[in-house]
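Undergrad: Before anything else, here's the structure in question.
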Number of protein chains: 2
Amino acid sequence: MEITTPTLLLNKTVCLRNIELMANKAIRHNVEFRPHFKTHQSIEIGRWYRDYGISKITVSSVQMAKYFAGDGWRDITIAFPFNAHEIAEILPLSKSITLNLVVENTYSLEIIARELQSPIGIFLEISTGYARTGINFSNTARIDALLEIIRLHKNLVFRGFLTHAGHTYEAKSKYEVQNLHFDAIKKMAELKSRYTEQFPDLIISIGDTPSCSLSENFTGVDEIRPGNFVFYDLKQNSLGACNIDDIAVRLLCPVVSKQRIRNEVVIYGGAIHLSKDWLTNTDGKPLFGRVILNYDNQKKLLEPNTYVVRLSQEHGVIRCTPPVYSQIQIGDIIEILPVHSCLTAHSMGRYLTSNNEYIDMMPRF
Amino acid sequence: MEITTPTLLLNKTVCLRNIELMANKAIRHNVEFRPHFKTHQSIEIGRWYRDYGISKITVSSVQMAKYFAGDGWRDITIAFPFNAHEIAEILPLSKSITLNLVVENTYSLEIIARELQSPIGIFLEISTGYARTGINFSNTARIDALLEIIRLHKNLVFRGFLTHAGHTYEAKSKYEVQNLHFDAIKKMAELKSRYTEQFPDLIISIGDTPSCSLSENFTGVDEIRPGNFVFYDLKQNSLGACNIDDIAVRLLCPVVSKQRIRNEVVIYGGAIHLSKDWLTNTDGKPLFGRVILNYDNQKKLLEPNTYVVRLSQEHGVIRCTPPVYSQIQIGDIIEILPVHSCLTAHSMGRYLTSNNEYIDMMPRF
């Protein structure tokens, strides 16, 4: 296929390898693998997981749950705090599949209890250090109050405790990721031992890609829900969670301008394609992507002294070393490794595979 | 309409007022008003401009040119450096409407000259200080070389010089915006006087919303192409280019969590809705949006000590003052003013108007 505009290229071989490695890791550690599908948001890519025995998935919205339920997924956790405004969409879904909701406050749980006409799985969301949502792991009074509501309503089926240790993304090294992960699973194990007598079937579900990629310690964990690992990206690479060769997506961009005075080339490929997520580069400045070039028909990742320095809506600006600058011509198609593949994929809305076929993502509406 | 998920609300009254004010300003200064449609990307909103006498528009992609040509727009400038890979899409469009391309290098111009079978307008893009694309205004040797190619090909119709003073977005005050604007139009006027004898019909086209909103000096300018002014946003407000009441779009978001320990509330509304563009808040930290709340049935913009402090894919975190924290309940729908309305609109893909109707945007593919 001829590339004419910014195009998200997906390397299926790399993607399948990422899935296989994580699936094998789950088997090795005897944990359920319930991958998060918010990264790829694609029925087609979802089907690739089935070859590795996956039958339970995680999504981040009710819309996404409906989309994947439509392709035959029958056990779905919506790993986003229950939003009471969507109850009318949730009810029919809960009747047709095994649906698990994530709850962390009595307001939400009482609405679910009141409205539900059929059994639904409930995970209590626990914060093990990430400052976003969830009940602080030590707040057992609140956990007790929620479990009391669950006990009173037979349609509320307590599944267990769920956490997303998203603070691993702020770690400065892979050792720090492992420490944060160890801290998180220790906290979750304490909850398990505290409540396991009342709820012998409760499980511990953990989530983030850095921990799941880097750690070999899953003591007390019953289920893992990583998502980003399917593509990985520069952020994961910076954490040590993947190698560059594990990154399965690249944005292909036409070069439209050269600015000799600044050793910059400008690509068609901007914030609406890559997203504005960034990393701090080795020079201390924001990096919005790294560059892969053809040299003698061999693709080569450039050192980070050539990188995407600025993005506007459709433009991306690449600052180059002088030798690299002279290698790039207007009209070339160059490849950008994204900082955050989830946001890049969401922005692009579809993939071109290495087999030259388009793969669709969930429609926006 | 009941709001259940993040929804972009468009205030049509404010939007029409923004259009009218800019249209009147263009008349007052005797400049052509060729608005940039990349901000709203909507046929419906495009039609609103027609009541103000607008017949010529600016877009940022070939796809967008085709989309608006399909609704009867007959004079379109694609204000993005010509991308040779899209020539096959450009050719039929150039036959059916008056199409202007933006060029800044001989490689591109020679391809256009070779491929074109019917007349096409050519703007030479000039950099007046913004470090992105365009020929440096003082590089008359390059301009001469490009004009020589234009002279040799009868299908290349030289329209004039075009600039986008995007460095106004980095200004620290409205006075700095005005200085940068004055500097830019002075440079463009020099080019005009240099080349006007050879090309008596050449025009000077300038672009950015901060300059067009703040300045009353358009000496030597023939055409203005602002886009963002149609909605404005917090970035424009921070530059002094608009008042808060001029911002025509808000993201409506359900509250899904409260975190008393940090005085934070969490909304359903994240990076895939607002985009990750940010401003530096008064406390020196990144601000991803400001909050409007209902008090006694009156909407009130909160001081910037309550603001969106973090975004992940679907979550937004609002840090509150303690009194504000106690006012917000889980299940509330709160309104967020976006930092960058172009990216927020692009992410959302459609609008809900104050008349309770959905307005579509250009489809992604």
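Each chain in the structure tokens gets a letter, A, B, ..., in the order shown, and its residues are numbered from 1; ligands are numbered from 1 in order too.
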Give one line per residue of chain B that approaches chain A to at most 6 Å, naming the two atoms of the closest pair and their distance in Å to one decimal, counting only C-alpha atoms; sort by chain then ascending residue number and deliver it as JSON lines.

TA:
```
{"residue": "B:Thr4", "atom": "CA", "partner": "A:His85", "partner_atom": "CA", "distance": 4.7}
{"residue": "B:Asn83", "atom": "CA", "partner": "A:Val256", "partner_atom": "CA", "distance": 5.9}
{"residue": "B:His85", "atom": "CA", "partner": "A:Thr4", "partner_atom": "CA", "distance": 4.7}
{"residue": "B:Glu86", "atom": "CA", "partner": "A:Thr4", "partner_atom": "CA", "distance": 5.7}
{"residue": "B:Val256", "atom": "CA", "partner": "A:Asn83", "partner_atom": "CA", "distance": 5.9}
{"residue": "B:Lys276", "atom": "CA", "partner": "A:Lys276", "partner_atom": "CA", "distance": 5.5}
```

Undergrad: Excluding Ser238 (chain B) and any residue of its chain fewer than 4 positions from it, enumerate the residues within 9 Å of it, using only C-alpha atoms, and give them as a ChimeraX atom specification.

TA: /B:172-173,233-234,242,279

Undergrad: Would you kindly return, as a list in words, each protein, DNA or RNA residue with an atom no farther than 8 Å from any atom of Phe229 (chain B), considering only C-alpha atoms and excluding same-chain residues fewer than 5 positions away?

TA: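 The contact residues come out as Asn18, Ile19, Thr209 and Ser213 of chain B.
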
Undergrad: Generate the output file for the selected residues, C-alpha atoms, as a compact mmCIF listing (two decimals), in the first residue's frame.

TA:
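Written file, result.txt:
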```txt
# COMPACT_ATOMS: atom_id res chain seq x y z
CA ASN B 18 -17.07 35.04 17.77
CA ILE B 19 -17.62 34.65 14.03
CA THR B 209 -5.89 33.85 16.26
CA SER B 213 -7.96 38.94 17.99
```

Undergrad: Leaving out Thr98 (chain B) and any residue of its chain fewer than 3 positions from it, which residues lie within 10 Å of it when counting only C-alpha atoms, given as a list in words?

TA: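 Once the adjacent positions are removed, what remains is Lys56, Ala69, Trp73, Arg74, Asp75, Ile76, Thr77, Leu93, Ser94, Lys95, Pro119, Ile120 and Gly121 of chain B.
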
Undergrad: Hey, what's within 12 Å of Leu147 (chain A) if we count only C-alpha atoms and toss same-chain stuff fewer than 2 positions away? As a PyMOL selection string, please?

TA: chain A and resi 103-106+109-110+113+122-124+140-145+149-153+156-161+195+198-199+202

Undergrad: Please extract the residues of region 134-352 of chain A with a backbone DSSP assignment of alpha helix (DSSP H) and present them as a ChimeraX atom specification.

TA: /A:140-152,174-195,209-214,234-239,271-274,322-327,341-348

Undergrad: Using only C-alpha atoms, which of the listed residues (B:Ser118, B:Asp51, B:Gln327, B:His36) sits closest to Met64 (chain B)?

TA: B:His36

Undergrad: Residues near Trp48 (chain A), anyone? I mean within 10 Å using only C-alpha atoms, not counting same-chain ones fewer than 6 positions away, as a PyMOL selection string.

TA: chain A and resi 12+15-16+19-20+54

Undergrad: Find the spatial neighbours of region 250-252 of chain B, counting only C-alpha atoms, within a cut-off of 8 Å - ignore same-chain residues fewer than 6 positions away - and output them as a list in words.

TA: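 Selected residues are Ile3, Thr5, Pro6, Thr7, Leu8, Leu9, Leu10, Gly269, Leu274, Ile333, Ile334, Glu335, Ile336, Leu337 and Pro338 of chain B.
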
Undergrad: Between A:Val230, A:Val177, A:Met188, A:Leu21, which is the closest to Phe37 (chain A) once you count only C-alpha atoms?

TA: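 Between A:Val230, A:Val177, A:Met188, A:Leu21, the residue approaching Phe37 (chain A) most closely is A:Val230.
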
Undergrad: Rounded to one decimal, what separation in Å do you get between CA of Ala345 (chain B) and CA of Gly227 (chain B)?

TA: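 Distance reported for this atom pair: 12.6 Å.
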
Undergrad: Could you jot down the CA of Gly270 (chain A) to CA of Val308 (chain A) separation for me, Å, one decimal place?

TA: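 The value is 9.8 Å.
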
Undergrad: Give me every strand (DSSP E) residue in region 104-258 of chain B, going by DSSP on the backbone, as an MDAnalysis selection string.

TA: chainID B and resid 120:127 135:136 156:162 203:206 223:224 249:258
